[in-house]
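S.K.: Handing over coords_30.cif, mmCIF, C-alpha atoms and all ligand atoms.
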```cif
data_model
#
loop_
_atom_site.label_atom_id
_atom_site.label_comp_id
_atom_site.auth_asym_id
_atom_site.auth_seq_id
_atom_site.Cartn_x
_atom_site.Cartn_y
_atom_site.Cartn_z
CA MET A 1 18.47 -19.91 4.95
CA LEU A 2 14.99 -19.33 3.58
CA SER A 3 13.01 -22.33 2.44
CA LYS A 4 12.21 -22.36 -1.27
CA LYS A 5 8.51 -22.09 -0.50
CA LEU A 6 8.97 -19.02 1.68
CA GLU A 7 11.42 -17.44 -0.77
CA LYS A 8 8.81 -17.81 -3.51
CA ALA A 9 6.10 -16.30 -1.29
CA LEU A 10 8.36 -13.36 -0.35
CA ASN A 11 9.16 -12.78 -4.01
CA GLU A 12 5.44 -12.72 -4.71
CA GLN A 13 5.05 -9.99 -2.05
CA ILE A 14 7.93 -8.03 -3.62
CA ARG A 15 5.95 -7.99 -6.86
CA ILE A 16 2.75 -6.93 -5.05
CA GLU A 17 4.51 -4.01 -3.30
CA ALA A 18 6.08 -2.93 -6.61
CA GLU A 19 2.70 -3.10 -8.34
CA SER A 20 1.15 -1.10 -5.48
CA SER A 21 3.78 1.58 -6.03
CA GLN A 22 2.86 1.67 -9.73
CA VAL A 23 -0.88 1.84 -9.00
CA TYR A 24 -0.43 4.85 -6.69
CA LEU A 25 1.97 6.50 -9.11
CA SER A 26 -0.68 6.20 -11.81
CA MET A 27 -3.30 7.65 -9.43
CA ALA A 28 -0.90 10.53 -8.65
CA SER A 29 -0.41 11.32 -12.30
CA TRP A 30 -4.16 11.17 -12.99
CA ALA A 31 -4.93 13.48 -10.04
CA GLU A 32 -2.19 15.88 -11.15
CA VAL A 33 -3.62 16.09 -14.66
CA LYS A 34 -7.07 16.72 -13.15
CA GLY A 35 -5.63 19.67 -11.20
CA LEU A 36 -5.82 18.23 -7.69
CA GLU A 37 -2.30 18.88 -6.48
CA GLY A 38 -2.94 17.85 -2.89
CA VAL A 39 -4.33 14.47 -3.91
CA ALA A 40 -1.47 14.05 -6.39
CA GLY A 41 1.10 14.82 -3.68
CA PHE A 42 -0.54 12.34 -1.34
CA MET A 43 -0.45 9.63 -4.01
CA TYR A 44 3.17 10.35 -5.02
CA GLY A 45 4.12 10.01 -1.36
CA HIS A 46 2.18 6.78 -1.06
CA SER A 47 3.87 5.42 -4.17
CA ASP A 48 7.28 6.11 -2.60
CA GLU A 49 6.23 4.27 0.55
CA GLU A 50 5.26 1.18 -1.41
CA ARG A 51 8.63 1.21 -3.11
CA MET A 52 10.22 1.33 0.34
CA HIS A 53 8.12 -1.68 1.39
CA MET A 54 9.38 -3.51 -1.68
CA LEU A 55 13.04 -2.60 -1.07
CA LYS A 56 12.90 -3.72 2.54
CA LEU A 57 11.73 -7.14 1.34
CA VAL A 58 14.37 -7.31 -1.41
CA LYS A 59 17.15 -6.67 1.11
CA TYR A 60 15.72 -9.14 3.60
CA VAL A 61 15.44 -11.98 1.06
CA ASN A 62 19.03 -11.44 -0.11
CA GLU A 63 20.37 -11.15 3.45
CA ARG A 64 18.80 -14.48 4.31
CA GLY A 65 20.58 -16.26 1.46
CA GLY A 66 17.69 -16.09 -1.01
CA HIS A 67 17.48 -14.21 -4.28
CA ALA A 68 15.01 -11.36 -4.57
CA HIS A 69 13.54 -11.39 -8.06
CA ILE A 70 12.69 -8.14 -9.79
CA SER A 71 9.93 -9.11 -12.16
CA ASP A 72 7.76 -7.47 -14.75
CA LEU A 73 4.68 -5.75 -13.37
CA LYS A 74 1.07 -5.52 -14.37
CA ALA A 75 0.43 -2.04 -15.80
CA PRO A 76 -1.99 -0.04 -13.66
CA LYS A 77 -5.05 1.72 -15.05
CA THR A 78 -4.46 5.25 -16.31
CA ASP A 79 -8.00 6.54 -15.70
CA PHE A 80 -9.77 6.24 -12.36
CA GLY A 81 -13.25 7.55 -13.13
CA THR A 82 -14.14 9.81 -10.22
CA PHE A 83 -12.13 10.72 -7.12
CA LYS A 84 -14.55 8.75 -5.03
CA GLU A 85 -13.97 5.68 -7.20
CA MET A 86 -10.23 6.19 -7.01
CA PHE A 87 -10.22 6.31 -3.20
CA GLN A 88 -12.50 3.28 -3.06
CA GLU A 89 -9.94 1.50 -5.22
CA LEU A 90 -7.12 2.57 -2.91
CA TYR A 91 -9.03 1.18 0.06
CA ASP A 92 -9.83 -2.11 -1.72
CA HIS A 93 -6.21 -2.40 -2.79
CA GLU A 94 -4.93 -2.02 0.77
CA ILE A 95 -7.37 -4.71 1.95
CA PHE A 96 -6.00 -6.99 -0.76
CA VAL A 97 -2.41 -6.26 0.34
CA SER A 98 -3.28 -6.97 3.99
CA GLN A 99 -4.69 -10.33 2.94
CA SER A 100 -1.53 -11.18 1.04
CA ILE A 101 0.62 -10.22 4.07
CA ASN A 102 -1.57 -12.47 6.22
CA ASP A 103 -1.07 -15.35 3.79
CA LEU A 104 2.67 -14.72 3.83
CA VAL A 105 2.76 -14.76 7.64
CA HIS A 106 0.91 -18.06 7.49
CA VAL A 107 3.67 -19.53 5.29
CA THR A 108 6.31 -18.52 7.86
CA LEU A 109 4.45 -20.57 10.47
CA GLU A 110 4.15 -23.57 8.14
CA GLU A 111 7.87 -23.34 7.42
CA LYS A 112 8.70 -22.70 11.09
CA ASP A 113 10.72 -19.62 10.07
CA TYR A 114 10.33 -17.45 13.15
CA ALA A 115 12.90 -14.87 12.04
CA THR A 116 10.82 -14.09 8.96
CA HIS A 117 7.68 -14.25 11.06
CA ASN A 118 9.21 -11.59 13.29
CA PHE A 119 10.40 -9.52 10.32
CA LEU A 120 6.89 -9.51 8.84
CA GLN A 121 5.28 -8.09 11.99
CA TRP A 122 6.36 -4.65 10.75
CA TYR A 123 4.23 -5.23 7.64
CA VAL A 124 1.28 -6.43 9.71
CA ALA A 125 1.36 -3.20 11.74
CA GLU A 126 1.94 -1.09 8.64
CA GLN A 127 -1.13 -2.58 6.93
CA LEU A 128 -3.31 -1.73 9.93
CA GLU A 129 -2.16 1.89 9.62
CA GLU A 130 -2.61 1.99 5.87
CA GLU A 131 -6.10 0.51 6.08
CA ALA A 132 -7.00 3.12 8.72
CA LEU A 133 -5.65 5.90 6.53
CA ALA A 134 -7.48 4.66 3.44
CA ARG A 135 -10.71 4.41 5.45
CA THR A 136 -10.27 7.94 6.84
CA VAL A 137 -9.79 9.36 3.36
CA LEU A 138 -12.70 7.37 1.94
CA ASP A 139 -15.02 8.57 4.74
CA LYS A 140 -14.07 12.16 3.99
CA ILE A 141 -14.62 11.83 0.26
CA ASN A 142 -17.98 10.14 0.87
CA LEU A 143 -19.03 13.12 3.00
CA ILE A 144 -18.12 15.54 0.23
CA GLY A 145 -20.01 13.67 -2.50
CA ASN A 146 -20.03 15.72 -5.70
CA ASP A 147 -19.56 19.10 -4.03
CA LYS A 148 -16.85 21.00 -5.94
CA GLY A 149 -16.06 23.35 -3.05
CA GLY A 150 -15.72 20.37 -0.74
CA LEU A 151 -13.32 18.73 -3.14
CA TYR A 152 -11.24 21.91 -3.23
CA LEU A 153 -10.93 21.91 0.57
CA PHE A 154 -10.29 18.19 0.61
CA ASP A 155 -7.44 18.66 -1.85
CA ARG A 156 -5.93 21.25 0.45
CA ASP A 157 -6.37 19.19 3.63
CA ILE A 158 -5.22 15.81 2.34
CA GLN A 159 -1.63 17.06 2.37
CA GLN A 160 -1.73 16.92 6.15
CA LEU A 161 -2.89 13.31 6.16
CA THR A 162 -0.20 10.73 6.57
CA VAL A 163 -0.18 7.15 7.73
CA GLU A 164 0.96 8.31 11.20
CA SER A 165 -1.84 10.87 11.63
CA ALA A 166 -4.54 8.38 10.61
CA ALA A 167 -3.12 5.84 13.02
CA SER A 168 -3.28 8.28 15.93
CA ASP A 169 -6.87 9.21 14.91
CA THR A 170 -7.80 5.56 15.13
CA ALA A 171 -5.98 5.08 18.45
CA GLY A 172 -7.93 8.01 19.88
CA GLU A 173 -11.35 6.52 19.01
FE FE B 201 2.86 -1.80 1.05
FE FE B 202 0.06 0.19 1.14
#
```
What is this file in structure tokens?
Ligand SMILES: [Fe+2]
Ligand SMILES: [Fe+2]

M.R.:
Amino acid sequence: MLSKKLEKALNEQIRIEAESSQVYLSMASWAEVKGLEGVAGFMYGHSDEERMHMLKLVKYVNERGGHAHISDLKAPKTDFGTFKEMFQELYDHEIFVSQSINDLVHVTLEEKDYATHNFLQWYVAEQLEEEALARTVLDKINLIGNDKGGLYLFDRDIQQLTVESAASDTAGE
């Protein structure tokens, strides 16, 4: 059985993952409207992943005798300024999520819930990969600057970038 404190913290993470999914969905739609199909596809895919992160938590909480709460969500922005600003925001958002996962892991130790501690290790590893991916993309976009041709190529190449490929890039450094 989950402690009330841990159940509350897990429910908070469920909301954060759901909001992340909404943020990336909004980025996808914005990029699509701006004509960058590759970036849009990348963001739609990322949005799906965040929903999967949320679902995994929902099922875990319910399996452990808690009640996963599906709450209202903060509406994401609909305009992201420039592509560079949008990818900076994606990176900052992943750092924020990593911090919240760390805080959650800390609660499992306080509550001496080692099963949940173990369960959350998947999220710890996932955040490392997502941070690496966000950093890779941000580095690329910073190289391009305001070059239109560069952005065109970037839009084509980003479709090959996934969490797994960024992780192996990082492992090879
Ligand atoms: Fe996530
Ligand atoms: Fe993420």

S.K.: With a distance cut-off of 6 Å and all atoms listed in the file, select the neighbouring residues of region 25-29 of chain A, excluding the residue or stretch itself and same-chain residues fewer than 5 positions from it, and output the selection as a VMD selection string.

M.R.: chain A and resid 40 43 to 44 47 78

S.K.: Generate a file of the selected residues that holds C-alpha atoms, formatted as a compact mmCIF listing (two decimals), keeping the file's coordinate frame.

M.R.:
```txt
# COMPACT_ATOMS: atom_id res chain seq x y z
CA ALA A 40 -1.47 14.05 -6.39
CA MET A 43 -0.45 9.63 -4.01
CA TYR A 44 3.17 10.35 -5.02
CA SER A 47 3.87 5.42 -4.17
CA THR A 78 -4.46 5.25 -16.31
```

S.K.: Nearest to Leu143 (chain A) among A:Trp122, A:Lys84, A:Val97, A:Val23, with distances taken over only C-alpha atoms: which residue is it?

M.R.: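 Among the listed residues, the smallest separation from Leu143 (chain A) belongs to A:Lys84.
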
S.K.: So which residues are near ligand FE 202 (chain B), meaning at most 6 Å away with only C-alpha atoms and all ligand atoms counted, given back as a list in words?

M.R.: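 The distance check yields Glu50, Glu94 and Glu130 of chain A.
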
S.K.: Kindly save the residues from that selection, with C-alpha atoms included, as a short mmCIF file (atom, residue, chain, number, x, y, z; two decimals), in the frame of the given file.

M.R.:
```
data_model
loop_
_atom_site.label_atom_id
_atom_site.label_comp_id
_atom_site.auth_asym_id
_atom_site.auth_seq_id
_atom_site.Cartn_x
_atom_site.Cartn_y
_atom_site.Cartn_z
CA GLU A 50 5.26 1.18 -1.41
CA GLU A 94 -4.93 -2.02 0.77
CA GLU A 130 -2.61 1.99 5.87
#
```

S.K.: So how many Å separate CA of Ile144 (chain A) and CA of Asp92 (chain A), to one decimal?

M.R.: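 About the pair CA of Ile144 (chain A) and CA of Asp92 (chain A): they are 19.6 Å apart.
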
S.K.: Which residues are near ligand FE 201 (chain B) - at most 9 Å, using all atoms listed in the file? Format: as a ChimeraX atom specification.

M.R.: /A:16-18,20-21,46-47,49-54,94,97-98,123,126-127,130

S.K.: Name the residues, using the chain letters and numbers of the file, that sit within 10 Å of (-13.9, 9.5, -7.6) when counting only C-alpha atoms, and give them as JSON, numbers by chain.

M.R.: {"A": [80, 81, 82, 83, 84, 85, 86, 87, 88, 89, 138, 141, 142, 145, 146]}

S.K.: Considering all atoms listed in the file, return as a list of chain:residue names whatever protein or nucleic-acid residues lie within 12 Å of region 106-118 of chain A, sequence-local ones (same chain, fewer than 6 positions apart) excluded.

M.R.: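 Selected residues are A:Met1, A:Leu2, A:Ser3, A:Lys4, A:Lys5, A:Leu6, A:Glu7, A:Lys8, A:Ala9, A:Leu10, A:Leu57, A:Tyr60, A:Val61, A:Glu63, A:Arg64, A:Gln99, A:Ser100, A:Val124, A:Ala125.
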
S.K.: Quick one: pull the distance between CA of Asn11 (chain A) and CA of Ala68 (chain A), Å, one decimal.

M.R.: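 So the two atoms, CA of Asn11 (chain A) and CA of Ala68 (chain A), lie 6.0 Å apart.
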
S.K.: So how many Å separate CA of Ser71 (chain A) and CA of Gln13 (chain A), to one decimal?

M.R.: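 Value for the CA of Ser71 (chain A)-CA of Gln13 (chain A) distance: 11.3 Å.
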
S.K.: Between A:Val137, A:Ile101, A:Ala132, A:Leu151, which has the minimum distance to Glu12 (chain A) (counting all atoms listed in the file)?

M.R.: A:Ile101

S.K.: A:Asp79, A:Gln160, A:Asp103, A:Leu120: which is nearest Val33 (chain A), counting all atoms listed in the file?

M.R.: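 With all atoms listed in the file as the atom set, the closest residue is A:Asp79.
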
S.K.: Mind checking which residues fall within 9 Å of Glu37 (chain A), counting all atoms listed in the file, ignoring those fewer than 6 positions away in the same chain, and posting them as a PyMOL selection string?

M.R.: chain A and resi 28+31+155-156

S.K.: Identify which of the residues A:Ile95, A:Tyr152, A:Leu104, A:Leu73 lies closest to Gly35 (chain A), counting only C-alpha atoms when measuring atom-to-atom distances.

M.R.: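 So, comparing all the options, the nearest one is A:Tyr152.
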